[in-house]
Amino acid sequence: MIKFNAIQRQTVSGAPLTHHNITVTPQSEVVTLKLPYGGVVWNRPTGILIEQDSKVETISIADPTRWILIAARVLSTLFMLITIDLTIRIFLQGGFQR
């Protein structure tokens with residue numbers, strides 16, 4: 001049996017930038033979907049790692065586009081379900097009347 005991990009999710013760090021005694025390292029999440037005939041890679045920023053005077057602080061990055069897309073998908077699914085429900089109710093009551 002062949003094991004195939006179609007979806008992989010990992011957190012990666014970018015190249016650190018240093019200015020005086022401050023080091024800033026960007027971090028992102030990578031989601032990879034591998035299929036037999038291609039694949040999709042989706043990157044999204046997750047945070048910034050700041051190191052100063054041997055103190056490490058992580059600043060999270062809010063991704064509003066992600067939440068907007070999730071809300072759009074939920075609303076479109078809800079609209080589709082309402083439309084299907086109304087269409088079924090109309091046809092069960094005898095269809096459209098002229």
# chains A, B, ... in the order shown; residues from 1 in each chain; ligands from 1
$ residues_around --residues "range 41-48 of chain A" --least-positions-apart "5" --cutoff "7 Å" --atoms "only C-alpha atoms" --output "VMD selection string"
chain A and resid 24 to 33 58 to 61
$ residues_around --residues "Ile22 in chain A" --least-positions-apart "2" --cutoff "9 Å" --atoms "only C-alpha atoms" --output "MDAnalysis selection string"
chainID A and resid 17:20 24 50:53
$ atom_distance --atom1 "CA of Gln10 in chain A" --atom2 "CA of Val40 in chain A"
14.2 Å
$ select_by_dssp --residues "chain A" --states "strand (DSSP E)" --output "MDAnalysis selection string"
chainID A and resid 7:13 17:19 22:35 38:52 55:60
$ write_last_selection --atoms "N, CA and C atoms" --output "compact mmCIF listing (two decimals), in the first residue's frame"
# COMPACT_ATOMS: atom_id res chain seq x y z
N ILE A 7 -2.04 16.52 1.63
CA ILE A 7 -2.05 17.84 2.24
C ILE A 7 -0.97 17.92 3.30
N GLN A 8 -0.14 18.93 3.18
CA GLN A 8 0.90 19.17 4.18
C GLN A 8 0.77 20.60 4.69
N ARG A 9 1.01 20.77 5.99
CA ARG A 9 0.91 22.09 6.61
C ARG A 9 2.14 22.28 7.49
N GLN A 10 2.83 23.40 7.30
CA GLN A 10 4.01 23.65 8.10
C GLN A 10 4.23 25.14 8.29
N THR A 11 4.93 25.48 9.36
CA THR A 11 5.29 26.87 9.62
C THR A 11 6.75 27.04 9.24
N VAL A 12 7.02 28.07 8.47
CA VAL A 12 8.39 28.33 8.02
C VAL A 12 8.80 29.75 8.42
N SER A 13 10.11 29.93 8.56
CA SER A 13 10.66 31.24 8.87
C SER A 13 11.44 31.76 7.68
N LEU A 17 16.44 39.59 9.37
CA LEU A 17 17.03 40.89 9.07
C LEU A 17 17.54 41.47 10.38
N THR A 18 18.78 41.95 10.39
CA THR A 18 19.36 42.51 11.60
C THR A 18 19.74 43.96 11.36
N HIS A 19 19.34 44.81 12.30
CA HIS A 19 19.71 46.23 12.27
C HIS A 19 20.11 46.60 13.69
N ILE A 22 18.77 44.53 16.82
CA ILE A 22 17.43 43.98 16.65
C ILE A 22 17.42 43.03 15.45
N THR A 23 16.94 41.81 15.68
CA THR A 23 16.80 40.84 14.60
C THR A 23 15.31 40.54 14.40
N VAL A 24 14.86 40.70 13.17
CA VAL A 24 13.45 40.49 12.83
C VAL A 24 13.38 39.32 11.84
N THR A 25 12.53 38.33 12.18
CA THR A 25 12.38 37.15 11.34
C THR A 25 10.90 36.96 11.00
N PRO A 26 10.52 37.03 9.71
CA PRO A 26 9.12 36.79 9.34
C PRO A 26 8.79 35.30 9.40
N GLN A 27 7.56 35.00 9.78
CA GLN A 27 7.11 33.62 9.83
C GLN A 27 5.82 33.49 9.03
N SER A 28 5.65 32.36 8.39
CA SER A 28 4.43 32.13 7.62
C SER A 28 4.03 30.67 7.70
N GLU A 29 2.80 30.42 7.33
CA GLU A 29 2.27 29.06 7.29
C GLU A 29 2.12 28.67 5.82
N VAL A 30 2.57 27.48 5.50
CA VAL A 30 2.49 26.98 4.13
C VAL A 30 1.59 25.75 4.13
N VAL A 31 0.57 25.78 3.29
CA VAL A 31 -0.31 24.63 3.09
C VAL A 31 -0.10 24.15 1.66
N THR A 32 0.29 22.88 1.52
CA THR A 32 0.59 22.32 0.20
C THR A 32 -0.38 21.19 -0.09
N LEU A 33 -1.02 21.25 -1.25
CA LEU A 33 -1.91 20.19 -1.72
C LEU A 33 -1.25 19.57 -2.94
N LYS A 34 -0.85 18.31 -2.80
CA LYS A 34 -0.19 17.61 -3.90
C LYS A 34 -1.16 16.62 -4.53
N LEU A 35 -1.32 16.71 -5.83
CA LEU A 35 -2.17 15.81 -6.59
C LEU A 35 -1.33 15.11 -7.65
N GLY A 38 -0.48 17.70 -10.47
CA GLY A 38 -0.12 19.06 -10.11
C GLY A 38 -0.34 19.29 -8.63
N GLY A 39 -0.53 20.54 -8.28
CA GLY A 39 -0.76 20.84 -6.88
C GLY A 39 -0.99 22.32 -6.66
N VAL A 40 -1.22 22.65 -5.40
CA VAL A 40 -1.49 24.03 -5.01
C VAL A 40 -0.67 24.31 -3.76
N VAL A 41 -0.07 25.50 -3.71
CA VAL A 41 0.66 25.93 -2.52
C VAL A 41 0.05 27.25 -2.08
N TRP A 42 -0.32 27.33 -0.79
CA TRP A 42 -0.93 28.54 -0.24
C TRP A 42 -0.09 29.01 0.93
N ASN A 43 0.38 30.24 0.86
CA ASN A 43 1.18 30.84 1.93
C ASN A 43 0.39 31.95 2.59
N ARG A 44 0.51 32.03 3.92
CA ARG A 44 -0.11 33.15 4.62
C ARG A 44 0.80 33.57 5.76
N PRO A 45 0.91 34.88 5.97
CA PRO A 45 1.77 35.35 7.06
C PRO A 45 1.14 35.02 8.41
N THR A 46 1.96 34.63 9.37
CA THR A 46 1.44 34.32 10.70
C THR A 46 2.02 35.22 11.79
N GLY A 47 3.24 35.69 11.60
CA GLY A 47 3.81 36.53 12.64
C GLY A 47 5.21 36.99 12.34
N ILE A 48 5.73 37.80 13.26
CA ILE A 48 7.09 38.31 13.16
C ILE A 48 7.78 38.00 14.48
N LEU A 49 8.96 37.43 14.40
CA LEU A 49 9.75 37.11 15.57
C LEU A 49 10.79 38.22 15.74
N ILE A 50 10.76 38.92 16.88
CA ILE A 50 11.68 40.02 17.14
C ILE A 50 12.59 39.64 18.29
N GLU A 51 13.89 39.70 18.04
CA GLU A 51 14.87 39.38 19.06
C GLU A 51 15.72 40.62 19.32
N GLN A 52 15.71 41.05 20.59
CA GLN A 52 16.48 42.23 20.97
C GLN A 52 17.01 42.04 22.39
N LYS A 55 16.09 38.99 24.31
CA LYS A 55 14.66 38.81 24.56
C LYS A 55 13.98 38.52 23.22
N VAL A 56 13.09 37.55 23.24
CA VAL A 56 12.38 37.17 22.02
C VAL A 56 10.90 37.48 22.19
N GLU A 57 10.34 38.18 21.20
CA GLU A 57 8.92 38.53 21.22
C GLU A 57 8.30 38.16 19.88
N THR A 58 7.12 37.60 19.93
CA THR A 58 6.41 37.24 18.71
C THR A 58 5.20 38.15 18.55
N ILE A 59 5.10 38.76 17.39
CA ILE A 59 3.95 39.60 17.06
C ILE A 59 3.13 38.87 16.02
N SER A 60 1.88 38.58 16.34
CA SER A 60 0.99 37.88 15.41
C SER A 60 0.50 38.84 14.34
$ select_by_dssp --residues "chain A" --states "helix (DSSP H, G or I)" --output "PyMOL selection string"
chain A and resi 64-92
